[in-house]
Amino acid sequence: MTNSTKKLLLIDGNSVAFRAFYALYNQVEKFTNHDGLHTNAIYSFKIMLDKLLKQIDPTNILVAFDAGRTTFRTEKYADYKGQRSKTPQELSEQFPFLREMLIDYGIKSYDLKNYEADDIIGTLAKEAEGEGFQITIVTGDRDLTQLATDQTTVAITKKGVSEIEEYTPEHIEEKFGLNPRQIIDMKGLVGDTSDNYPGVTKVGEKTAIKLLKKYGSIEGIYDQIDEMRQSKMKEHLIEDKEQAFMSKDLARIRQDAPIEVDIKDTEWSGIDYEKLESFYQQMDFNRFLSELHQNQGAASSESASSVAPIDYTELTAANLTELGKSDGSSITFHLEMDGENYHKAPTIGFAILKDDKYFVSNQPQLLKEPVLKELLEKATLDVFNAKRNYVGLNRLGIQMAPVDFDLLLVSYLLNNTDNSDDLGKLAHEHQYYQVQSDEDVYGKGAKRSVPVDQPEFLQHLAHKVQAIHDLKSRLMAELDDHEQTELYETIERPLSIVLAQMEIAGIKVDIDRLMQMRSEFKERLAEIEQQIYQEAGEEFNIGSPKQLGVILFEKLKLPVIKKTKTGYSTAVSVLEKLQGLNPIIDNILLYRQLSKLQSTYVEGLLKVVFKEDSKVHTRYTQTLTSTGRLSSVDPNLQNIPVRLEEGRKIRQAFVPSHSGWQIFSSDYSQIELRVLAHISGDENMQEAFKTGADIHASTAMKIFNLDSPDEVTPNMRRQAKAVNFGIVYGISDFGLAQNIGITRKAAKKFIETYFESFPGVHKYMTGIVELAKKQGYVETLFHRRRYLPEINSKNYNLRSFAERTAMNSPIQGSAADIIKIAMIRMQKMLREKGLKAKMLLQVHDELIFEAPKEEIPVLKELVSKVMDSAVDLAVPLKVESASGDTWFDAKK
DNA sequence: ATTATCACG
DNA sequence: ACGTACGTGATAATT
């Protein structure tokens with residue numbers, strides 16, 4: 001697109017930087033680069049600048065800055081801007097870098113001694129108007145609207161900087177009934193509190209507009225003041241005449257400042273991408289870096305690929321020998337599958353990097369050829385996502401060789417915040433751009449298509465193995481710096497294979513049982529539904545919180561307990577408070593319960609059963625949680641109902657895969673509290689665990705100051721249990737109060753007493769928060785890290801959340817470490833002992849197996865031993881086991 | 001794509 | 001005065 005007219009963009013640098021700074025003020029601590037420099041203002045300034053460049057497409061640009069506090073205005077009026085508080089350090093340190101960024105953008109910036117940015121802008125705007133420019137002035141300061149003309153638009157930033165409001169003369173007329181020049185008169189009459197100059201007493205915006213409509217200007221008012229009828233306002237006007245003229249003079253933006261730039265100097269030379277790239281690197285603007293690379297790529301080549309092409313060999317049945325022999329040395333491998341669910345996604349290609357040579361193919365069947373199969377079973381592999389590759393190869397009948405480097409896993413250990421599972425995106429996070437994301441190559445949503453027959457597909461695969469290889473040494477070195485090599489080599493890496501094996505094994509589902517439940521639930525739901533309609537007096541969608549809210553709180557006029565941001569809350573906690581007021585409540589609660597079971601568990605589960613083996617094969621996400629726990633998807637087998645009997649019956653549908661076998665389950669008892677007892681070193685807590693006491697009862701004795709366990713009532717124990725949970729979660733009086741229904745004051749007292757009774761725990765909690773503030777992260781027993789950038793935030797909520805996280809993560813994370821160790825050892829033991837038993841599921845603190853009935857006693861012995869001894873803590877670990885014909889029956 | 005709800009540890 | 005318990009995933013409704 002070419003410009004038919006010349007367009008000048010004038011930006012009030014200080015004003016916009018202030019707006020930009022406060023737009024992201026609540027995240028100011030999140031925006032710091034590796035040198036500790038705050039970057040939030042630069043960041044949002046840049047976003048706004050890009051938007052403007054795109055919208056306006058200017059030929060000329062200038063960013064004007066204030067030169068300092070003293071100007072000709074302070075000479076005239078010493079108190080001008082006198083009440084302004086000092087620019088915060090977090091912002092002022094950003095100005096030099098902001099100017100540097102402008103240079104990289106090819107944009108001229110300018111300041112002039114004794115003048116404000118406004119005056120530079122006013123002067124240049126006037127000059128540009130004479131030369132026939134279209135001018136846009138961008139600022140956060142409304143005073144500049146006085147400069148609006150037919151040629152000049154003033155854009156005021158709103159909502160931080162994400163939106164702008166454009167002031168043309170027409171818009172100003174519409175809004176105030178004044179012309180732009182009268183804005184100056186208005187300022188003179190009203191004054192300006194933020195610039196700290198006075199106006200006429202008792203004259204505000206409304207009065208000023210009325211006066212100016214009648215008299216035109218301040219001069220006009222005083223010319224005719226004698227004719228004005230007697231009033232308080234007239235007295236004030238006469239009294240403050242001098243002030244009014246002075247303020248008008250202060251408000252008037254100069255259009256004749258002695259600037260040393262002219263329009264020619266503002267010609268935009270365009271962005272210097274190389275310099276901008278290194279600037280982004282300096283600022284740690286990873287998002288902008290990857291944008292930059294994509295844009296450059298799109299602009300510089302017709303194939304829209306931003307990466308240098310790789311010289312590869314396309315493998316065929318005929319040229320397999322070119323791969324050469326396998327000597328067990330390290331190769332980089334990638335298996336491409338089309339779809340997230342690798343248990344069923346078609347394998348569509350693969351890539352190998354061996355001895356600096358790239359081999360790629362869109363014929364995965366080739367992997368079954370002896371040369372390739374042997375290579376993959378004998379070599380040492382570097383991969384991205386070992387688990388995914390293992391399952392994919394397993395489906396081709398290949399037993400994947402040991403893995404040395406797993407890019408996905410290592411990257412997750414280094415930093416588990418925003419760890420993508422897309423190779424390209426993740427490489428970009430590590431400032432590596434010689435590979436694109438799948439989304440970039442394949443598209444997303446409805447537009448997604450994988451060009452398996454095109455060279456770009458093979459190129460993409462080659463770039464994937466190249467990226468894995470290129471990132472290896474750097475990331476492994478970082479792992480070492482973090483003291484995480486052991487965590488990687490002895491826990492996460494072997495675990496990925498154990499998880500793959502568990503997923504492949506799957507768990508058998510009794511489909512008939514589920515179908516039977518489905519028709520039972522269907523009948524009962526229909527019945528309750530009719531009752532609810534009757535009680536409500538009309539039919540509506542019970543599943544819609546919005547419609548339900550209208551029925552309950554408007555039609556039936558039940559009291560509103562809580563609101564969500566979109567309307568009435570109808571959550572269980574609310575409905576329970578309404579119980580007894582109307583019989584409809586009980587029915588809704590029951591309906592909710594049953595429809596949850598029906599849709600999520602009965603029907604949801606039936607949808608994901610594999611027809612071939614009547615099993616569900618979940619996928620564990622090993623690189624997602626910020627604490628180190630696993631999660632389970634498609635289906636989620638870590639949230640199968642257990643607390644309510646009705647829901648627990650779902651577990652009857654999980655059965656062994658062979659007749660004569662049983663389900664066996666083992667769980668750690670209070671592992672998180674035991675971990676806390678260990679890492680806090682609290683003697684009282686350790687003592688309780690060492691003597692095998694009931695921990696909640698013993699906590700109750702402490703906080704209620706009892707002498708004997710016999711004095712602990714069930715209610716005391718319940719409250720003590722809640723306190724223990726609270727401690728693990730990073731306690732707050734509010735949370736505890738809410739949970740056990742006591743006042744905040746009482747909760748606070750509980751916590752105080754708790755900390756007096758367990759001083760070691762108290763010391764740990766304050767110590768870990770302090771440590772987090774100092775080093776920016778916390779660690780588990782095995783050096784798993786969690787970064788807490790918000791721990792020093794000025795925003796109370798963000799900071800408090802980070803503080804609780806600092807207390808909780810080492811506990812939850814260490815417990816996760818421990819069960820992971822147990823799983824690896826357990827799998828090894830099953831193999832070594834030649835047992836038929838299979839480990840199937842992990843649910844955070846429990847492991848679920850299937851085994852021939854006769855193996856159960858052996859298994860029980862073995863699992864207890866392995867889980868008990870997974871780590872050596874200052875307190876014993878306790879394991880409880882059970883078995884039965886279904887998962888439901890594997891309970892005490 | 002986001003929100004409310006509810007299932008689990 | 002503020003306004004929260006920690007970690008997840010699936011579903012249906014709504015935008």
# chains A, B, ... in the order shown; residues from 1 in each chain; ligands from 1

call {"tool": "interface_residues", "arguments": {"of": "chain C", "to": "chain A", "cutoff": "7 Å", "atoms": "only C-alpha atoms (C1' of nucleotides)", "output": "list of chain:residue names"}}
result
C:DT4, C:DA5, C:DC6, C:DT8, C:DG9, C:DA10, C:DT11, C:DA13

call {"tool": "interface_residues", "arguments": {"of": "chain B", "to": "chain A", "cutoff": "6 Å", "atoms": "only C-alpha atoms (C1' of nucleotides)", "output": "VMD selection string"}}
result
chain B and resid 7 to 9

call {"tool": "write_last_selection", "arguments": {"atoms": "N, CA and C atoms (P, O5', C5', C4', C3', O3' and C1' of nucleotides)", "output": "mmCIF file, in the first residue's frame"}}
result
data_model
loop_
_atom_site.group_PDB
_atom_site.id
_atom_site.type_symbol
_atom_site.label_atom_id
_atom_site.label_comp_id
_atom_site.auth_asym_id
_atom_site.auth_seq_id
_atom_site.Cartn_x
_atom_site.Cartn_y
_atom_site.Cartn_z
ATOM 1 P P DA B 7 -19.456 -33.726 42.456
ATOM 2 O "O5'" DA B 7 -18.105 -34.589 42.359
ATOM 3 C "C5'" DA B 7 -18.084 -35.778 41.608
ATOM 4 C "C4'" DA B 7 -16.688 -36.040 41.074
ATOM 5 C "C3'" DA B 7 -15.578 -36.049 42.123
ATOM 6 O "O3'" DA B 7 -15.555 -37.266 42.836
ATOM 7 C "C1'" DA B 7 -14.877 -34.891 40.198
ATOM 8 P P DC B 8 -15.018 -37.323 44.292
ATOM 9 O "O5'" DC B 8 -13.432 -37.334 44.054
ATOM 10 C "C5'" DC B 8 -12.832 -38.453 43.423
ATOM 11 C "C4'" DC B 8 -11.403 -38.131 43.057
ATOM 12 C "C3'" DC B 8 -10.503 -37.801 44.232
ATOM 13 O "O3'" DC B 8 -10.067 -39.005 44.845
ATOM 14 C "C1'" DC B 8 -10.094 -36.308 42.437
ATOM 15 P P DG B 9 -9.442 -38.959 46.296
ATOM 16 O "O5'" DG B 9 -8.003 -38.327 46.067
ATOM 17 C "C5'" DG B 9 -6.991 -39.105 45.447
ATOM 18 C "C4'" DG B 9 -5.718 -38.277 45.393
ATOM 19 C "C3'" DG B 9 -5.153 -38.012 46.772
ATOM 20 O "O3'" DG B 9 -3.825 -38.483 46.860
ATOM 21 C "C1'" DG B 9 -5.433 -35.979 45.565
#

call {"tool": "residues_around", "arguments": {"residues": "segment 268-276 of chain A", "least_positions_apart": "2", "cutoff": "6 Å", "atoms": "only C-alpha atoms (C1' of nucleotides)", "output": "ChimeraX atom specification"}}
result
/A:59-61,104-106,278-279

call {"tool": "write_last_selection", "arguments": {"atoms": "N, CA, C and O atoms", "output": "compact mmCIF listing (two decimals), in the first residue's frame"}}
result
# COMPACT_ATOMS: atom_id res chain seq x y z
N THR A 59 4.39 8.20 7.27
CA THR A 59 5.63 8.42 6.53
C THR A 59 6.66 9.09 7.45
O THR A 59 7.85 8.95 7.24
N ASN A 60 6.15 9.82 8.45
CA ASN A 60 7.03 10.55 9.36
C ASN A 60 6.60 10.29 10.81
O ASN A 60 5.41 10.19 11.09
N ILE A 61 7.59 10.16 11.68
CA ILE A 61 7.26 9.93 13.10
C ILE A 61 8.23 10.71 13.97
O ILE A 61 9.43 10.80 13.66
N ASP A 104 16.06 1.69 17.36
CA ASP A 104 16.01 0.45 16.59
C ASP A 104 14.79 0.41 15.65
O ASP A 104 14.81 -0.24 14.62
N TYR A 105 13.74 1.09 16.06
CA TYR A 105 12.56 1.18 15.23
C TYR A 105 12.74 2.19 14.09
O TYR A 105 11.87 2.37 13.26
N GLY A 106 13.87 2.91 14.11
CA GLY A 106 14.11 3.92 13.09
C GLY A 106 13.30 5.19 13.34
O GLY A 106 13.00 5.94 12.42
N SER A 278 18.43 -7.81 18.85
CA SER A 278 19.32 -7.88 20.01
C SER A 278 18.75 -7.08 21.18
O SER A 278 18.98 -7.42 22.34
N PHE A 279 17.95 -6.06 20.86
CA PHE A 279 17.29 -5.33 21.95
C PHE A 279 16.29 -6.24 22.68
O PHE A 279 16.27 -6.30 23.91

call {"tool": "residues_around", "arguments": {"residues": "Leu673 of chain A", "least_positions_apart": "3", "cutoff": "8 Å", "atoms": "only C-alpha atoms (C1' of nucleotides)", "output": "PyMOL selection string"}}
result
chain A and resi 670+676-677+724+728

call {"tool": "select_by_dssp", "arguments": {"residues": "segment 779-867 of chain A", "states": "alpha helix (DSSP H)", "output": "count of residues only"}}
result
49

call {"tool": "closest_residue", "arguments": {"among": "A:Glu100, A:Glu832, A:Glu336, A:Glu489", "to": "Phe350 of chain A", "atoms": "only C-alpha atoms"}}
result
A:Glu336

call {"tool": "residues_around", "arguments": {"residues": "Asn582 of chain A", "least_positions_apart": "4", "cutoff": "10 Å", "atoms": "only C-alpha atoms (C1' of nucleotides)", "output": "mmCIF file with N, CA, C and O atoms, in the first residue's frame"}}
result
data_model
loop_
_atom_site.group_PDB
_atom_site.id
_atom_site.type_symbol
_atom_site.label_atom_id
_atom_site.label_comp_id
_atom_site.auth_asym_id
_atom_site.auth_seq_id
_atom_site.Cartn_x
_atom_site.Cartn_y
_atom_site.Cartn_z
ATOM 1 N N GLU A 535 -41.976 -28.245 40.802
ATOM 2 C CA GLU A 535 -41.688 -27.339 41.920
ATOM 3 C C GLU A 535 -41.382 -25.921 41.445
ATOM 4 O O GLU A 535 -41.620 -24.950 42.152
ATOM 5 N N LEU A 552 -34.466 -19.788 40.887
ATOM 6 C CA LEU A 552 -34.283 -19.822 42.343
ATOM 7 C C LEU A 552 -34.397 -18.451 42.982
ATOM 8 O O LEU A 552 -35.061 -18.278 44.001
ATOM 9 N N LEU A 556 -38.573 -17.916 42.657
ATOM 10 C CA LEU A 556 -38.870 -18.472 43.980
ATOM 11 C C LEU A 556 -38.390 -17.556 45.101
ATOM 12 O O LEU A 556 -38.597 -17.839 46.269
ATOM 13 N N LEU A 558 -35.635 -16.993 46.570
ATOM 14 C CA LEU A 558 -34.741 -17.500 47.618
ATOM 15 C C LEU A 558 -33.621 -16.479 47.825
ATOM 16 O O LEU A 558 -33.277 -15.736 46.908
ATOM 17 N N LEU A 578 -29.251 -23.171 51.251
ATOM 18 C CA LEU A 578 -30.658 -22.938 50.955
ATOM 19 C C LEU A 578 -31.535 -24.159 51.287
ATOM 20 O O LEU A 578 -32.754 -24.097 51.197
ATOM 21 N N ASP A 586 -33.141 -29.816 47.296
ATOM 22 C CA ASP A 586 -32.661 -31.200 47.418
ATOM 23 C C ASP A 586 -32.667 -31.891 46.061
ATOM 24 O O ASP A 586 -31.749 -32.628 45.717
ATOM 25 N N ASN A 587 -33.710 -31.637 45.317
ATOM 26 C CA ASN A 587 -33.812 -32.267 44.001
ATOM 27 C C ASN A 587 -32.738 -31.758 43.042
ATOM 28 O O ASN A 587 -32.191 -32.514 42.252
#

call {"tool": "select_by_dssp", "arguments": {"residues": "segment 329-574 of chain A", "states": "strand (DSSP E or B)", "output": "ChimeraX atom specification"}}
result
/A:330-337,347-354,357-361,380-383,403-406,507-509,563,568

call {"tool": "residues_around", "arguments": {"residues": "segment 507-523 of chain A", "least_positions_apart": "3", "cutoff": "8 Å", "atoms": "only C-alpha atoms (C1' of nucleotides)", "output": "list in words"}}
result
Ala526, Glu527, Leu594, Ser595, Gln598, Val602, Glu603, Leu606, Val609, Asp613, Ser614, Lys615, Val616, His617, Ile650, Gln652, Ala653, Phe654, Val655, Pro656, Ser657 and Leu840 of chain A

call {"tool": "residues_around", "arguments": {"residues": "Gly537 of chain A", "least_positions_apart": "6", "cutoff": "12 Å", "atoms": "only C-alpha atoms (C1' of nucleotides)", "output": "JSON, numbers by chain"}}
result
{"A": [530, 531, 551, 552, 555, 556, 584]}

call {"tool": "write_last_selection", "arguments": {"atoms": "all heavy atoms", "output": "PDB file, in the first residue's frame"}}
result
ATOM      1  N   GLN A 530     -38.713 -34.033  36.180  1.00  0.00           N
ATOM      2  CA  GLN A 530     -40.141 -33.703  36.212  1.00  0.00           C
ATOM      3  C   GLN A 530     -40.529 -33.050  37.537  1.00  0.00           C
ATOM      4  O   GLN A 530     -41.273 -32.072  37.573  1.00  0.00           O
ATOM      5  CB  GLN A 530     -40.986 -34.961  35.975  1.00  0.00           C
ATOM      6  CG  GLN A 530     -40.995 -35.439  34.531  1.00  0.00           C
ATOM      7  CD  GLN A 530     -41.257 -34.330  33.525  1.00  0.00           C
ATOM      8  OE1 GLN A 530     -42.157 -33.507  33.704  1.00  0.00           O
ATOM      9  NE2 GLN A 530     -40.429 -34.250  32.479  1.00  0.00           N
ATOM     10  N   GLN A 531     -39.978 -33.613  38.627  1.00  0.00           N
ATOM     11  CA  GLN A 531     -40.279 -33.046  39.952  1.00  0.00           C
ATOM     12  C   GLN A 531     -39.822 -31.597  40.042  1.00  0.00           C
ATOM     13  O   GLN A 531     -40.532 -30.731  40.571  1.00  0.00           O
ATOM     14  CB  GLN A 531     -39.564 -33.859  41.038  1.00  0.00           C
ATOM     15  CG  GLN A 531     -40.377 -35.045  41.520  1.00  0.00           C
ATOM     16  CD  GLN A 531     -39.774 -35.617  42.803  1.00  0.00           C
ATOM     17  OE1 GLN A 531     -39.361 -34.876  43.684  1.00  0.00           O
ATOM     18  NE2 GLN A 531     -39.701 -36.934  42.860  1.00  0.00           N
ATOM     19  N   ILE A 551     -34.720 -18.919  38.167  1.00  0.00           N
ATOM     20  CA  ILE A 551     -35.783 -19.663  38.854  1.00  0.00           C
ATOM     21  C   ILE A 551     -35.660 -19.527  40.372  1.00  0.00           C
ATOM     22  O   ILE A 551     -36.618 -19.177  41.064  1.00  0.00           O
ATOM     23  CB  ILE A 551     -35.725 -21.170  38.464  1.00  0.00           C
ATOM     24  CG1 ILE A 551     -36.024 -21.351  36.974  1.00  0.00           C
ATOM     25  CG2 ILE A 551     -36.684 -21.986  39.323  1.00  0.00           C
ATOM     26  CD1 ILE A 551     -37.458 -21.177  36.572  1.00  0.00           C
ATOM     27  N   LEU A 552     -34.466 -19.788  40.887  1.00  0.00           N
ATOM     28  CA  LEU A 552     -34.283 -19.822  42.343  1.00  0.00           C
ATOM     29  C   LEU A 552     -34.397 -18.451  42.982  1.00  0.00           C
ATOM     30  O   LEU A 552     -35.061 -18.278  44.001  1.00  0.00           O
ATOM     31  CB  LEU A 552     -32.916 -20.425  42.695  1.00  0.00           C
ATOM     32  CG  LEU A 552     -32.696 -21.898  42.377  1.00  0.00           C
ATOM     33  CD1 LEU A 552     -31.312 -22.327  42.826  1.00  0.00           C
ATOM     34  CD2 LEU A 552     -33.756 -22.759  43.048  1.00  0.00           C
ATOM     35  N   LYS A 555     -37.786 -16.066  40.583  1.00  0.00           N
ATOM     36  CA  LYS A 555     -39.134 -16.615  40.651  1.00  0.00           C
ATOM     37  C   LYS A 555     -39.491 -17.094  42.062  1.00  0.00           C
ATOM     38  O   LYS A 555     -40.530 -16.753  42.598  1.00  0.00           O
ATOM     39  CB  LYS A 555     -39.275 -17.769  39.657  1.00  0.00           C
ATOM     40  CG  LYS A 555     -40.699 -18.264  39.547  1.00  0.00           C
ATOM     41  CD  LYS A 555     -40.943 -19.028  38.287  1.00  0.00           C
ATOM     42  CE  LYS A 555     -42.431 -19.387  38.213  1.00  0.00           C
ATOM     43  NZ  LYS A 555     -42.692 -20.400  37.188  1.00  0.00           N
ATOM     44  N   LEU A 556     -38.573 -17.916  42.657  1.00  0.00           N
ATOM     45  CA  LEU A 556     -38.870 -18.472  43.980  1.00  0.00           C
ATOM     46  C   LEU A 556     -38.390 -17.556  45.101  1.00  0.00           C
ATOM     47  O   LEU A 556     -38.597 -17.839  46.269  1.00  0.00           O
ATOM     48  CB  LEU A 556     -38.246 -19.868  44.113  1.00  0.00           C
ATOM     49  CG  LEU A 556     -38.733 -20.898  43.085  1.00  0.00           C
ATOM     50  CD1 LEU A 556     -38.026 -22.234  43.268  1.00  0.00           C
ATOM     51  CD2 LEU A 556     -40.247 -21.104  43.194  1.00  0.00           C
ATOM     52  N   ILE A 584     -37.221 -27.915  46.321  1.00  0.00           N
ATOM     53  CA  ILE A 584     -36.578 -27.967  45.012  1.00  0.00           C
ATOM     54  C   ILE A 584     -35.062 -28.098  45.148  1.00  0.00           C
ATOM     55  O   ILE A 584     -34.391 -28.693  44.303  1.00  0.00           O
ATOM     56  CB  ILE A 584     -36.951 -26.717  44.170  1.00  0.00           C
ATOM     57  CG1 ILE A 584     -36.657 -26.969  42.681  1.00  0.00           C
ATOM     58  CG2 ILE A 584     -36.192 -25.480  44.644  1.00  0.00           C
ATOM     59  CD1 ILE A 584     -37.143 -25.860  41.764  1.00  0.00           C
TER      60      ILE A 584
END

call {"tool": "decode", "arguments": {"residues": "chain C", "atoms": "N, CA, C and O atoms (P, O5', C5', C4', C3', O3' and C1' of nucleotides)", "output": "short mmCIF file (atom, residue, chain, number, x, y, z; two decimals), in the first residue's frame"}}
result
data_model
loop_
_atom_site.label_atom_id
_atom_site.label_comp_id
_atom_site.auth_asym_id
_atom_site.auth_seq_id
_atom_site.Cartn_x
_atom_site.Cartn_y
_atom_site.Cartn_z
P DA C 1 -10.66 -0.49 57.87
"O5'" DA C 1 -11.10 -1.09 56.46
"C5'" DA C 1 -11.61 -0.21 55.47
"C4'" DA C 1 -11.30 -0.78 54.11
"C3'" DA C 1 -11.75 -2.22 53.93
"O3'" DA C 1 -12.28 -2.33 52.62
"C1'" DA C 1 -9.43 -2.08 53.53
P DC C 2 -13.03 -3.67 52.18
"O5'" DC C 2 -11.89 -4.42 51.34
"C5'" DC C 2 -11.42 -3.83 50.12
"C4'" DC C 2 -10.12 -4.46 49.71
"C3'" DC C 2 -10.21 -5.96 49.40
"O3'" DC C 2 -10.09 -6.11 48.00
"C1'" DC C 2 -8.22 -5.38 50.59
P DG C 3 -11.35 -6.86 47.25
"O5'" DG C 3 -11.00 -8.41 47.42
"C5'" DG C 3 -9.95 -8.98 46.67
"C4'" DG C 3 -9.60 -10.32 47.31
"C3'" DG C 3 -10.83 -11.23 47.50
"O3'" DG C 3 -10.38 -12.55 47.25
"C1'" DG C 3 -9.75 -10.95 49.54
P DT C 4 -11.09 -13.32 46.07
"O5'" DT C 4 -10.36 -14.70 46.20
"C5'" DT C 4 -9.83 -14.99 47.47
"C4'" DT C 4 -8.71 -15.97 47.39
"C3'" DT C 4 -9.16 -17.28 47.98
"O3'" DT C 4 -8.87 -18.30 47.03
"C1'" DT C 4 -7.42 -16.27 49.31
P DA C 5 -10.08 -19.44 47.13
"O5'" DA C 5 -9.49 -20.45 48.20
"C5'" DA C 5 -8.36 -21.23 47.87
"C4'" DA C 5 -7.33 -21.10 48.99
"C3'" DA C 5 -6.10 -21.94 48.73
"O3'" DA C 5 -5.05 -21.05 48.39
"C1'" DA C 5 -6.86 -22.06 51.00
P DC C 6 -4.58 -21.18 46.84
"O5'" DC C 6 -3.76 -22.56 46.80
"C5'" DC C 6 -2.43 -22.60 47.30
"C4'" DC C 6 -1.84 -23.96 46.98
"C3'" DC C 6 -2.05 -24.41 45.53
"O3'" DC C 6 -1.01 -23.92 44.71
"C1'" DC C 6 -2.60 -26.16 47.02
P DG C 7 -1.31 -23.81 43.11
"O5'" DG C 7 -1.53 -25.33 42.66
"C5'" DG C 7 -0.42 -26.22 42.67
"C4'" DG C 7 -0.88 -27.60 42.23
"C3'" DG C 7 -1.62 -27.65 40.90
"O3'" DG C 7 -0.70 -27.57 39.84
"C1'" DG C 7 -2.64 -29.08 42.49
P DT C 8 -1.28 -27.29 38.37
"O5'" DT C 8 -1.90 -28.72 38.01
"C5'" DT C 8 -2.94 -28.81 37.07
"C4'" DT C 8 -3.60 -30.15 37.25
"C3'" DT C 8 -4.67 -30.46 36.23
"O3'" DT C 8 -4.03 -31.13 35.15
"C1'" DT C 8 -5.47 -30.95 38.41
P DG C 9 -4.66 -31.00 33.67
"O5'" DG C 9 -6.08 -31.72 33.84
"C5'" DG C 9 -6.12 -33.13 33.98
"C4'" DG C 9 -7.52 -33.62 33.64
"C3'" DG C 9 -8.01 -33.23 32.25
"O3'" DG C 9 -8.76 -34.32 31.75
"C1'" DG C 9 -9.43 -32.27 33.91
P DA C 10 -9.49 -34.29 30.34
"O5'" DA C 10 -11.01 -34.11 30.77
"C5'" DA C 10 -11.63 -35.16 31.49
"C4'" DA C 10 -13.12 -34.92 31.54
"C3'" DA C 10 -13.75 -34.57 30.19
"O3'" DA C 10 -14.94 -35.32 30.07
"C1'" DA C 10 -14.18 -32.83 31.76
P DT C 11 -15.82 -35.23 28.74
"O5'" DT C 11 -16.97 -34.23 29.20
"C5'" DT C 11 -17.85 -34.62 30.23
"C4'" DT C 11 -18.76 -33.45 30.56
"C3'" DT C 11 -19.46 -32.88 29.33
"O3'" DT C 11 -20.82 -33.23 29.40
"C1'" DT C 11 -18.59 -31.17 30.75
P DA C 12 -21.77 -32.92 28.15
"O5'" DA C 12 -22.40 -31.53 28.58
"C5'" DA C 12 -23.02 -31.38 29.85
"C4'" DA C 12 -23.43 -29.94 30.02
"C3'" DA C 12 -24.15 -29.36 28.80
"O3'" DA C 12 -25.31 -28.69 29.25
"C1'" DA C 12 -22.25 -28.04 29.33
P DA C 13 -26.26 -27.91 28.21
"O5'" DA C 13 -25.82 -26.41 28.50
"C5'" DA C 13 -25.86 -25.93 29.85
"C4'" DA C 13 -25.35 -24.51 29.90
"C3'" DA C 13 -25.99 -23.57 28.87
"O3'" DA C 13 -26.31 -22.37 29.54
"C1'" DA C 13 -23.63 -23.52 28.64
P DT C 14 -27.13 -21.22 28.82
"O5'" DT C 14 -25.95 -20.24 28.37
"C5'" DT C 14 -25.08 -19.71 29.37
"C4'" DT C 14 -23.96 -18.94 28.70
"C3'" DT C 14 -24.43 -17.96 27.61
"O3'" DT C 14 -23.95 -16.67 27.95
"C1'" DT C 14 -22.57 -19.23 26.88
P DT C 15 -24.48 -15.37 27.18
"O5'" DT C 15 -23.17 -14.83 26.45
"C5'" DT C 15 -21.99 -14.56 27.21
"C4'" DT C 15 -20.79 -14.52 26.28
"C3'" DT C 15 -21.02 -13.72 25.01
"O3'" DT C 15 -20.58 -12.38 25.21
"C1'" DT C 15 -19.84 -15.76 24.58
#
